[in-house]
$ cat data-v1.cif   # mmCIF, C-alpha atoms and all ligand atoms
data_work
#
loop_
_atom_site.label_atom_id
_atom_site.label_comp_id
_atom_site.auth_asym_id
_atom_site.auth_seq_id
_atom_site.Cartn_x
_atom_site.Cartn_y
_atom_site.Cartn_z
CA MET Y 81 -31.28 3.30 3.05
CA PRO Y 82 -30.99 -0.44 3.61
CA TYR Y 83 -27.89 -1.89 5.18
CA ALA Y 84 -27.13 -5.58 4.68
CA GLU Y 85 -25.35 -7.44 7.46
CA GLN Y 86 -22.31 -9.17 6.00
CA LYS Y 87 -19.29 -11.06 7.37
CA ILE Y 88 -15.61 -10.14 7.39
CA THR Y 89 -13.81 -12.88 5.46
CA SER Y 90 -10.18 -11.75 5.59
CA LEU Y 91 -7.85 -9.03 6.82
CA HIS Y 92 -4.41 -7.91 5.76
CA ARG Y 93 -2.36 -5.21 7.43
CA TRP Y 94 -0.03 -3.13 5.24
CA SER Y 95 1.29 -0.73 7.88
CA GLN Y 96 0.47 0.49 11.35
CA ASN Y 97 -2.38 2.61 10.01
CA THR Y 98 -3.53 0.94 6.79
CA PHE Y 99 -5.19 -2.40 6.27
CA THR Y 100 -7.34 -4.25 3.77
CA PHE Y 101 -10.46 -6.18 4.66
CA LYS Y 102 -12.68 -8.41 2.59
CA THR Y 103 -16.33 -9.13 3.21
CA THR Y 104 -19.09 -11.26 1.80
CA ARG Y 105 -21.06 -9.52 -0.95
CA PRO Y 106 -24.77 -8.89 -0.34
CA ASP Y 107 -27.18 -10.70 -2.69
CA GLY Y 108 -28.02 -8.53 -5.69
CA PHE Y 109 -25.35 -5.97 -4.75
CA ASP Y 110 -24.33 -4.25 -7.98
CA PHE Y 111 -21.85 -1.44 -8.55
CA LYS Y 112 -19.61 0.20 -11.10
CA ASN Y 113 -15.86 -0.26 -10.72
CA GLY Y 114 -14.49 2.84 -8.98
CA GLU Y 115 -17.61 3.55 -6.89
CA PHE Y 116 -17.90 3.84 -3.11
CA VAL Y 117 -20.43 2.61 -0.59
CA MET Y 118 -21.32 3.28 3.04
CA VAL Y 119 -19.87 0.67 5.39
CA GLY Y 120 -20.41 0.54 9.14
CA LEU Y 121 -20.09 -1.23 12.47
CA ARG Y 122 -22.36 -1.27 15.49
CA PRO Y 123 -19.89 -1.30 18.40
CA GLU Y 124 -22.62 -0.26 20.85
CA GLY Y 125 -25.71 -1.11 18.83
CA LYS Y 126 -25.90 2.19 16.91
CA LEU Y 127 -24.52 2.04 13.39
CA ILE Y 128 -21.41 4.15 12.65
CA PRO Y 129 -21.29 4.37 8.84
CA ARG Y 130 -18.50 5.80 6.68
CA ALA Y 131 -17.88 6.04 2.95
CA TYR Y 132 -15.52 3.41 1.50
CA SER Y 133 -14.30 3.00 -2.06
CA ILE Y 134 -14.60 -0.55 -3.33
CA VAL Y 135 -11.24 -2.10 -4.20
CA SER Y 136 -12.65 -5.32 -5.69
CA THR Y 137 -14.25 -5.42 -9.11
CA ASN Y 138 -17.84 -6.00 -10.00
CA ARG Y 139 -16.88 -9.49 -11.21
CA ASP Y 140 -15.69 -10.67 -7.77
CA ASN Y 141 -17.91 -12.63 -5.40
CA HIS Y 142 -16.57 -10.77 -2.36
CA LEU Y 143 -16.11 -7.06 -1.54
CA GLU Y 144 -12.69 -5.64 -0.69
CA PHE Y 145 -11.81 -2.35 1.01
CA LEU Y 146 -8.61 -0.50 1.89
CA SER Y 147 -8.86 1.33 5.20
CA ILE Y 148 -7.05 3.95 7.18
CA GLN Y 149 -6.86 3.53 10.94
CA VAL Y 150 -7.50 6.95 12.45
CA PRO Y 151 -6.45 7.06 16.14
CA ASP Y 152 -9.70 7.46 18.08
CA GLY Y 153 -11.63 7.51 14.78
CA PRO Y 154 -15.27 6.66 15.59
CA LEU Y 155 -15.38 3.85 13.01
CA THR Y 156 -11.82 2.84 12.25
CA SER Y 157 -10.69 2.47 15.85
CA HIS Y 158 -13.23 -0.42 16.00
CA LEU Y 159 -12.74 -1.60 12.42
CA ALA Y 160 -9.02 -2.07 13.04
CA LYS Y 161 -9.87 -4.65 15.70
CA VAL Y 162 -12.39 -6.79 13.82
CA ASP Y 163 -11.74 -10.45 13.13
CA LYS Y 164 -12.71 -12.92 10.47
CA GLY Y 165 -16.36 -13.90 10.92
CA ASN Y 166 -17.40 -10.59 12.59
CA SER Y 167 -20.40 -8.73 11.22
CA ILE Y 168 -20.20 -5.55 9.16
CA TRP Y 169 -23.03 -3.54 7.61
CA ILE Y 170 -22.89 -2.54 3.98
CA ASN Y 171 -25.33 -0.21 2.31
CA THR Y 172 -26.83 -1.61 -0.85
CA LYS Y 173 -26.65 1.70 -2.71
CA THR Y 174 -23.33 2.57 -4.32
CA THR Y 175 -22.32 5.84 -5.92
CA GLY Y 176 -19.31 7.87 -7.09
CA SER Y 177 -17.82 9.59 -10.09
CA LEU Y 178 -14.42 7.87 -10.32
CA THR Y 179 -15.90 5.49 -12.86
CA LEU Y 180 -15.05 5.01 -16.50
CA GLU Y 181 -18.34 6.48 -17.64
CA HIS Y 182 -17.31 9.83 -16.18
CA ILE Y 183 -14.15 10.19 -18.25
CA LEU Y 184 -13.72 10.59 -21.96
CA PRO Y 185 -11.38 8.15 -23.68
CA GLY Y 186 -7.97 9.58 -24.55
CA ARG Y 187 -4.29 8.72 -24.93
CA HIS Y 188 -3.06 8.96 -21.36
CA LEU Y 189 -4.93 8.61 -18.10
CA TYR Y 190 -3.17 9.84 -14.96
CA MET Y 191 -4.37 8.44 -11.64
CA LEU Y 192 -2.93 10.37 -8.70
CA ALA Y 193 -3.59 8.82 -5.30
CA THR Y 194 -2.37 9.40 -1.78
CA GLY Y 195 -2.91 6.88 1.02
CA THR Y 196 -6.21 5.04 0.84
CA GLY Y 197 -7.19 7.17 -2.17
CA LEU Y 198 -5.64 4.32 -4.14
CA ALA Y 199 -8.69 2.10 -3.57
CA PRO Y 200 -10.95 3.02 -6.53
CA PHE Y 201 -8.02 2.94 -8.97
CA ILE Y 202 -7.20 -0.66 -8.03
CA SER Y 203 -10.73 -1.65 -8.96
CA LEU Y 204 -10.45 0.07 -12.34
CA ILE Y 205 -7.03 -1.44 -13.06
CA ARG Y 206 -8.06 -4.95 -12.04
CA ALA Y 207 -11.23 -4.74 -14.13
CA GLY Y 208 -9.12 -3.81 -17.16
CA GLU Y 209 -11.69 -1.89 -19.25
CA VAL Y 210 -9.67 1.26 -18.68
CA PHE Y 211 -6.99 -0.17 -20.96
CA LYS Y 212 -9.44 -0.24 -23.86
CA SER Y 213 -10.13 3.49 -23.47
CA PHE Y 214 -6.53 4.69 -22.94
CA GLU Y 215 -3.24 3.94 -24.64
CA ARG Y 216 -1.42 4.32 -21.36
CA VAL Y 217 -2.46 4.52 -17.72
CA ILE Y 218 -0.07 6.12 -15.23
CA LEU Y 219 -0.84 5.53 -11.57
CA VAL Y 220 1.09 7.44 -8.91
CA HIS Y 221 0.62 6.30 -5.34
CA THR Y 222 2.12 8.58 -2.70
CA THR Y 223 2.40 7.62 0.95
CA ARG Y 224 4.40 8.92 3.88
CA ILE Y 225 6.25 5.68 4.56
CA GLU Y 226 7.23 2.83 2.28
CA GLN Y 227 5.11 0.31 4.18
CA GLY Y 228 2.03 2.36 3.32
CA LEU Y 229 2.44 1.45 -0.35
CA ALA Y 230 -0.46 -0.98 -0.26
CA TYR Y 231 -0.82 -3.36 -3.23
CA ARG Y 232 2.71 -2.52 -4.32
CA ASP Y 233 3.59 -6.08 -5.39
CA GLU Y 234 0.37 -6.50 -7.32
CA LEU Y 235 0.74 -3.15 -9.07
CA THR Y 236 4.39 -3.79 -9.86
CA SER Y 237 3.57 -7.14 -11.40
CA ARG Y 238 0.76 -5.61 -13.45
CA SER Y 239 3.12 -2.95 -14.84
CA ASN Y 240 3.80 -3.12 -18.54
CA ASP Y 241 4.02 -0.80 -21.54
CA GLN Y 242 0.42 0.27 -21.09
CA PHE Y 243 0.34 0.52 -17.32
CA HIS Y 244 2.97 2.51 -15.42
CA TYR Y 245 2.95 2.31 -11.64
CA VAL Y 246 4.90 5.08 -9.89
CA PRO Y 247 5.19 4.65 -6.10
CA THR Y 248 6.48 7.66 -4.18
CA VAL Y 249 7.24 8.08 -0.46
CA THR Y 250 7.51 11.49 1.18
CA ARG Y 251 8.85 10.90 4.69
CA GLU Y 252 11.43 8.17 4.21
CA PRO Y 253 14.35 7.79 1.84
CA PHE Y 254 12.92 6.30 -1.38
CA GLU Y 255 13.68 6.33 -5.09
CA THR Y 256 11.04 9.07 -5.60
CA THR Y 257 10.16 11.35 -2.71
CA ASP Y 258 7.97 13.84 -4.60
CA ARG Y 259 4.22 13.95 -4.31
CA GLY Y 260 2.32 12.68 -7.36
CA ALA Y 261 0.72 16.07 -7.96
CA ASP Y 262 4.17 17.72 -8.04
CA LEU Y 263 5.46 15.14 -10.51
CA PHE Y 264 2.44 15.90 -12.65
CA ARG Y 265 2.93 19.68 -12.45
CA ASN Y 266 6.65 19.70 -13.13
CA GLY Y 267 6.22 17.53 -16.22
CA GLU Y 268 8.14 14.50 -14.95
CA LEU Y 269 5.20 12.18 -15.39
CA SER Y 270 4.65 13.15 -18.99
CA THR Y 271 8.37 13.03 -19.77
CA ASN Y 272 9.15 9.75 -18.10
CA HIS Y 273 5.92 7.84 -18.40
CA ALA Y 274 3.57 9.26 -20.98
CA ALA Y 275 6.18 10.07 -23.60
CA ASN Y 276 8.17 7.27 -25.15
CA LYS Y 277 11.11 7.35 -22.85
CA ASN Y 278 14.32 9.21 -23.49
CA TRP Y 279 14.45 9.40 -27.24
CA PHE Y 280 17.61 11.00 -28.41
CA PHE Y 281 18.62 11.82 -31.90
CA GLU Y 282 22.30 11.76 -32.41
CA LYS Y 283 24.48 10.69 -35.28
CA LEU Y 284 26.13 7.47 -34.22
CA ASN Y 285 28.75 7.29 -36.98
CA LEU Y 286 27.92 3.77 -37.96
CA HIS Y 287 28.98 3.99 -41.57
CA ILE Y 288 31.65 1.70 -42.96
CA ASP Y 289 34.11 3.71 -44.95
CA GLY Y 290 33.14 4.21 -48.54
CA LEU Y 291 30.41 1.60 -48.61
CA HIS Y 292 26.68 1.61 -48.26
CA THR Y 293 25.31 -0.42 -45.44
CA SER Y 294 22.48 -2.76 -46.29
CA ARG Y 295 21.22 -4.05 -42.94
CA PHE Y 296 21.55 -3.22 -39.25
CA ALA Y 297 20.84 -5.18 -36.12
CA PHE Y 298 21.37 -4.23 -32.49
CA GLY Y 299 21.61 -6.49 -29.49
CA ASP Y 300 23.82 -7.54 -26.64
CA TYR Y 301 25.86 -10.09 -28.52
CA ASP Y 302 28.63 -10.52 -25.98
CA GLY Y 303 26.33 -10.43 -22.95
CA ASP Y 304 28.04 -7.51 -21.21
CA GLY Y 305 24.77 -5.61 -20.77
CA ARG Y 306 25.58 -3.11 -23.51
CA ILE Y 307 24.25 -2.91 -27.01
CA ASP Y 308 26.40 -4.09 -29.88
CA SER Y 309 25.75 -3.54 -33.54
CA LEU Y 310 25.84 -5.69 -36.64
CA GLN Y 311 25.96 -4.34 -40.13
CA SER Y 312 25.82 -6.21 -43.37
CA ARG Y 313 26.85 -4.72 -46.67
CA PHE Y 314 27.03 -5.62 -50.32
CA ALA Y 315 30.47 -5.36 -51.75
CA LYS Y 316 31.79 -5.51 -55.28
CA HIS Y 317 34.15 -8.36 -55.89
CA GLU Y 318 37.54 -7.48 -57.34
CA ASN Y 319 36.55 -8.69 -60.81
CA GLY Y 320 33.74 -6.14 -60.74
CA GLU Y 321 31.02 -8.73 -61.43
CA ASP Y 322 30.04 -10.47 -58.31
CA THR Y 323 28.75 -9.08 -55.07
CA LEU Y 324 29.61 -10.52 -51.71
CA SER Y 325 27.68 -10.03 -48.54
CA GLU Y 326 29.66 -9.34 -45.44
CA ILE Y 327 28.75 -8.87 -41.79
CA PHE Y 328 30.59 -6.49 -39.53
CA PHE Y 329 30.38 -6.48 -35.76
CA ARG Y 330 30.97 -3.53 -33.47
CA ARG Y 331 31.16 -3.77 -29.76
CA ASN Y 332 29.48 -1.01 -27.85
CA THR Y 333 31.63 1.07 -25.57
CA THR Y 334 28.85 3.09 -24.01
CA LYS Y 335 30.03 6.21 -22.28
CA ALA Y 336 27.66 8.59 -20.57
CA GLY Y 337 25.05 9.73 -23.07
CA ALA Y 338 24.87 8.28 -26.55
CA PRO Y 339 26.40 4.91 -27.34
CA GLN Y 340 29.78 4.92 -29.03
CA PHE Y 341 30.62 1.84 -31.04
CA ASP Y 342 34.04 0.28 -31.53
CA SER Y 343 35.44 0.16 -35.03
CA PRO Y 344 33.92 -2.55 -37.21
CA VAL Y 345 35.33 -6.06 -37.38
CA ARG Y 346 34.37 -8.28 -40.32
CA ILE Y 347 33.00 -11.48 -38.82
CA PHE Y 348 31.49 -13.12 -41.86
CA GLU Y 349 31.75 -13.15 -45.62
CA ALA Y 350 29.10 -15.02 -47.58
CA PRO Y 351 30.10 -17.32 -50.45
CA ARG Y 352 30.20 -15.70 -53.84
CA GLY Y 353 26.71 -15.08 -55.25
CA TRP Y 354 25.00 -15.09 -51.86
CA HIS Y 355 23.38 -11.94 -50.53
CA ILE Y 356 22.40 -11.27 -46.96
CA ASN Y 357 19.03 -9.61 -46.85
CA SER Y 358 18.14 -9.81 -43.19
CA ILE Y 359 20.21 -9.87 -40.06
CA THR Y 360 19.27 -10.07 -36.44
CA MET Y 361 20.65 -10.91 -33.00
CA ILE Y 362 18.59 -13.35 -31.02
CA ASP Y 363 19.14 -15.94 -28.32
CA LEU Y 364 18.04 -18.82 -30.51
CA ASP Y 365 19.37 -21.71 -28.42
CA ASP Y 366 18.31 -20.15 -25.12
CA ASP Y 367 21.80 -20.10 -23.58
CA ALA Y 368 21.36 -16.44 -22.49
CA GLN Y 369 23.74 -15.30 -25.21
CA GLN Y 370 22.60 -13.86 -28.47
CA GLU Y 371 23.52 -15.43 -31.77
CA VAL Y 372 23.58 -13.79 -35.16
CA VAL Y 373 20.94 -15.07 -37.53
CA CYS Y 374 20.86 -13.94 -41.08
CA GLY Y 375 18.65 -14.64 -44.04
CA ALA Y 376 20.44 -14.97 -47.35
CA PHE Y 377 19.61 -15.69 -50.96
CA GLU Y 378 21.62 -16.96 -53.86
CA GLU Y 379 21.01 -15.85 -57.39
CA LYS Y 380 21.77 -18.37 -60.13
CA PRO Y 381 21.50 -17.56 -63.81
CA GLN Y 382 19.93 -20.82 -65.01
CA ASP Y 383 16.49 -20.61 -66.52
CA PRO Y 384 16.76 -18.62 -69.77
CA ASP Y 385 13.16 -17.36 -69.47
CA LYS Y 386 13.19 -16.39 -65.81
CA ARG Y 387 16.92 -15.62 -65.87
CA TRP Y 388 17.39 -16.18 -62.14
CA ILE Y 389 16.62 -18.93 -59.75
CA VAL Y 390 16.72 -17.76 -56.20
CA ALA Y 391 17.63 -19.98 -53.26
CA SER Y 392 16.82 -18.67 -49.80
CA GLU Y 393 18.44 -19.88 -46.60
CA ILE Y 394 18.70 -18.86 -43.00
CA TRP Y 395 22.16 -19.02 -41.48
CA LEU Y 396 23.14 -19.08 -37.88
CA LEU Y 397 26.51 -17.58 -37.03
CA ASP Y 398 27.67 -18.59 -33.60
CA ARG Y 399 30.55 -17.13 -31.65
CA ASP Y 400 32.98 -19.99 -32.10
C1 LIG Y 501 -16.19 9.28 -1.10
C2 LIG Y 501 -15.32 8.81 0.05
C3 LIG Y 501 -14.63 7.62 -0.08
C4 LIG Y 501 -13.80 7.19 0.95
N1 LIG Y 501 -13.10 6.04 0.79
C5 LIG Y 501 -12.30 5.61 1.79
C6 LIG Y 501 -11.54 4.42 1.65
O1 LIG Y 501 -11.61 3.72 0.62
N2 LIG Y 501 -10.74 4.04 2.66
C7 LIG Y 501 -10.66 4.79 3.83
O2 LIG Y 501 -9.92 4.41 4.72
N3 LIG Y 501 -11.36 5.91 3.98
C8 LIG Y 501 -12.19 6.33 3.01
N4 LIG Y 501 -12.91 7.47 3.20
C9 LIG Y 501 -12.89 8.10 4.54
C10 LIG Y 501 -13.83 7.30 5.45
O3 LIG Y 501 -15.17 7.59 5.08
C11 LIG Y 501 -13.64 7.60 6.93
O4 LIG Y 501 -13.46 8.97 7.13
C12 LIG Y 501 -12.45 6.87 7.52
O5 LIG Y 501 -12.71 5.48 7.45
C13 LIG Y 501 -12.23 7.21 8.98
O6 LIG Y 501 -13.37 6.96 9.73
P1 LIG Y 501 -13.44 7.28 11.30
O7 LIG Y 501 -14.85 7.23 11.72
O8 LIG Y 501 -12.48 6.38 12.02
O9 LIG Y 501 -12.87 8.75 11.41
P2 LIG Y 501 -13.55 10.08 10.83
O10 LIG Y 501 -14.20 10.82 11.95
O11 LIG Y 501 -14.39 9.76 9.67
O12 LIG Y 501 -12.28 10.85 10.34
C14 LIG Y 501 -11.44 11.53 11.26
C15 LIG Y 501 -10.39 12.30 10.51
O13 LIG Y 501 -9.46 11.38 9.99
C16 LIG Y 501 -8.96 11.84 8.73
N5 LIG Y 501 -9.25 10.78 7.74
C17 LIG Y 501 -10.40 10.08 7.55
N6 LIG Y 501 -10.28 9.18 6.57
C18 LIG Y 501 -9.01 9.31 6.09
C19 LIG Y 501 -8.28 8.62 5.07
N7 LIG Y 501 -8.85 7.63 4.36
N8 LIG Y 501 -7.01 8.99 4.84
C20 LIG Y 501 -6.43 10.00 5.57
N9 LIG Y 501 -7.08 10.67 6.56
C21 LIG Y 501 -8.35 10.32 6.82
C22 LIG Y 501 -9.69 13.14 8.44
O14 LIG Y 501 -8.90 14.20 8.87
C23 LIG Y 501 -10.91 13.05 9.29
O15 LIG Y 501 -11.40 14.31 9.63
C24 LIG Y 501 -13.72 7.94 2.17
C25 LIG Y 501 -14.44 9.12 2.30
C26 LIG Y 501 -15.22 9.56 1.25
C27 LIG Y 501 -15.98 10.84 1.42
#

$ encode --input "data-v1.cif" --output "structure tokens"
Amino acid sequence: MPYAEQKITSLHRWSQNTFTFKTTRPDGFDFKNGEFVMVGLRPEGKLIPRAYSIVSTNRDNHLEFLSIQVPDGPLTSHLAKVDKGNSIWINTKTTGSLTLEHILPGRHLYMLATGTGLAPFISLIRAGEVFKSFERVILVHTTRIEQGLAYRDELTSRSNDQFHYVPTVTREPFETTDRGADLFRNGELSTNHAANKNWFFEKLNLHIDGLHTSRFAFGDYDGDGRIDSLQSRFAKHENGEDTLSEIFFRRNTTKAGAPQFDSPVRIFEAPRGWHINSITMIDLDDDAQQEVVCGAFEEKPQDPDKRWIVASEIWLLDRD
């Protein structure tokens, strides 16, 4: 099997026994994201090759690897001492089954890695195709010490609704100290990451006495970090003819568990004939405080054929 002599182009140490190294990429070197390749050094002339998963993607011009440093390990005791510009030998044949073509598309893909086992998953996540085949990808990386959490910043910044990164550390105090496989077995991964988180169904008692509510909106209106509620309602005017639209505000007084809302306070009453048909809380003027924005329409009996002419407006209700 042919080995191509390449150069080390950069090194980064994550912890005492893990480091990343990048190399030049041999001409014509092709691979599938998630595959591994034999990589070696010749400390005394004779090649010492070992299997290495490729961290970089097939799009990159360089190759990147994440390595353990085994004390007295035949290869890694030398590899840990290499410098930029040193030679390294990379086999031109790649292989491996941690590639997308070996898994059927589905809803959730769990990637459970310990230590340097993270390497092939980084390649798949960076390449991005995995996100076309799965609604959600959950990657657990377990290491003994926090420093061993290689690529933590990158993975944290890539996290979003579709990609959940769950770092766990087993031998130091950390937010999660379980192994990934245990989290998978005991159902925590599916509860906290695959399922839509923490749905609860509880009656919140948001009705306004005796009246039907027309619109709801929820947001942190007063900026105290807790959710407030807005409700608009149609109300009969005293003369029985007209309807008025009103907006009520309730401050949230979250206790443990479900939110409890304060009693409603009427904060707005639309002019006669105007109806509020949408209501939302949004930080429209970007001052980090939410305003109330409502859409409203006015019905005017003018045109005898059409009977009503409707005027639509958007109103902004600010705190003061
Ligand atoms: C398919 C495949 C892919 C691999 N991908 C990687 C990779 O991306 N990064 C990487 O560092 N290693 C990887 N390895 C292991 C790698 O091939 C070498 O074993 C490792 O680099 C140590 O080499 P060595 O010659 O210093 O020690 P070796 O004589 O090869 O190993 C000595 C002992 O160290 C332990 N050991 C070896 N590698 C690891 C490791 N990665 N994590 C924890 N304990 C280990 C084992 O107990 C082993 O018996 C992979 C192995 C396989 C089979």

$ residues_near_ligand --input "data-v1.cif" --ligand "ligand LIG 501 (chain Y)" --cutoff "10 Å" --atoms "all atoms listed in the file" --output "count of residues only"
47

$ closest_residue --input "data-v1.cif" --among "Y:Lys112, Y:Lys161, Y:His142, Y:Arg346" --to "Glu209 (chain Y)" --atoms "only C-alpha atoms"
Y:Lys112

$ closest_residue --input "data-v1.cif" --among "Y:Arg265, Y:His188, Y:Arg295, Y:Arg122" --to "His244 (chain Y)" --atoms "only C-alpha atoms"
Y:His188

$ residues_around --input "data-v1.cif" --residues "Thr248 (chain Y)" --least-positions-apart "6" --cutoff "12 Å" --atoms "all atoms listed in the file" --output "list in words"
Leu192, Ala193, Thr194, Gly195, Leu219, Val220, His221, Thr222, Thr223, Arg224, Ile225, Glu226, Gln227, Gly228, Leu229, Ala230, Arg232, Phe254, Glu255, Thr256, Thr257, Asp258, Arg259, Gly260, Ala261, Asp262 and Leu263 of chain Y

$ closest_residue --input "data-v1.cif" --among "Y:Thr137, Y:Ser270, Y:Gln370, Y:Thr89" --to "Val162 (chain Y)" --atoms "all atoms listed in the file"
Y:Thr89

$ atom_distance --input "data-v1.cif" --atom1 "CA of Asn113 (chain Y)" --atom2 "CA of Thr174 (chain Y)"
10.2 Å

$ residues_around --input "data-v1.cif" --residues "Ser312 (chain Y)" --least-positions-apart "4" --cutoff "12 Å" --atoms "all atoms listed in the file" --output "ChimeraX atom specification"
/Y:286-288,291-298,324-330,344-350,355-360,372-376

$ atom_distance --input "data-v1.cif" --atom1 "CA of Met191 (chain Y)" --atom2 "CA of Ser136 (chain Y)"
17.1 Å

$ closest_residue --input "data-v1.cif" --among "Y:Asp365, Y:Pro82, Y:Asn272, Y:Trp354" --to "Glu393 (chain Y)" --atoms "only C-alpha atoms"
Y:Trp354

$ atom_distance --input "data-v1.cif" --atom1 "CA of Asp363 (chain Y)" --atom2 "CA of Asp342 (chain Y)"
22.3 Å

$ axis_aligned_box --input "data-v1.cif" --around "region 177-189 of chain Y" --padding-each-side "6 Å" --output "AutoDock Vina command-line options"
--center_x -10.7 --center_y 7.8 --center_z -17.5 --size_x 27.3 --size_y 17.6 --size_z 26.8

$ closest_residue --input "data-v1.cif" --among "Y:Glu181, Y:Glu379, Y:Asp302, Y:Glu234" --to "Arg352 (chain Y)" --atoms "all atoms listed in the file"
Y:Glu379

$ residues_around --input "data-v1.cif" --residues "Ile168 (chain Y)" --least-positions-apart "2" --cutoff "7 Å" --atoms "only C-alpha atoms" --output "JSON, numbers by chain"
{"Y": [85, 86, 87, 88, 120, 121, 166, 170]}
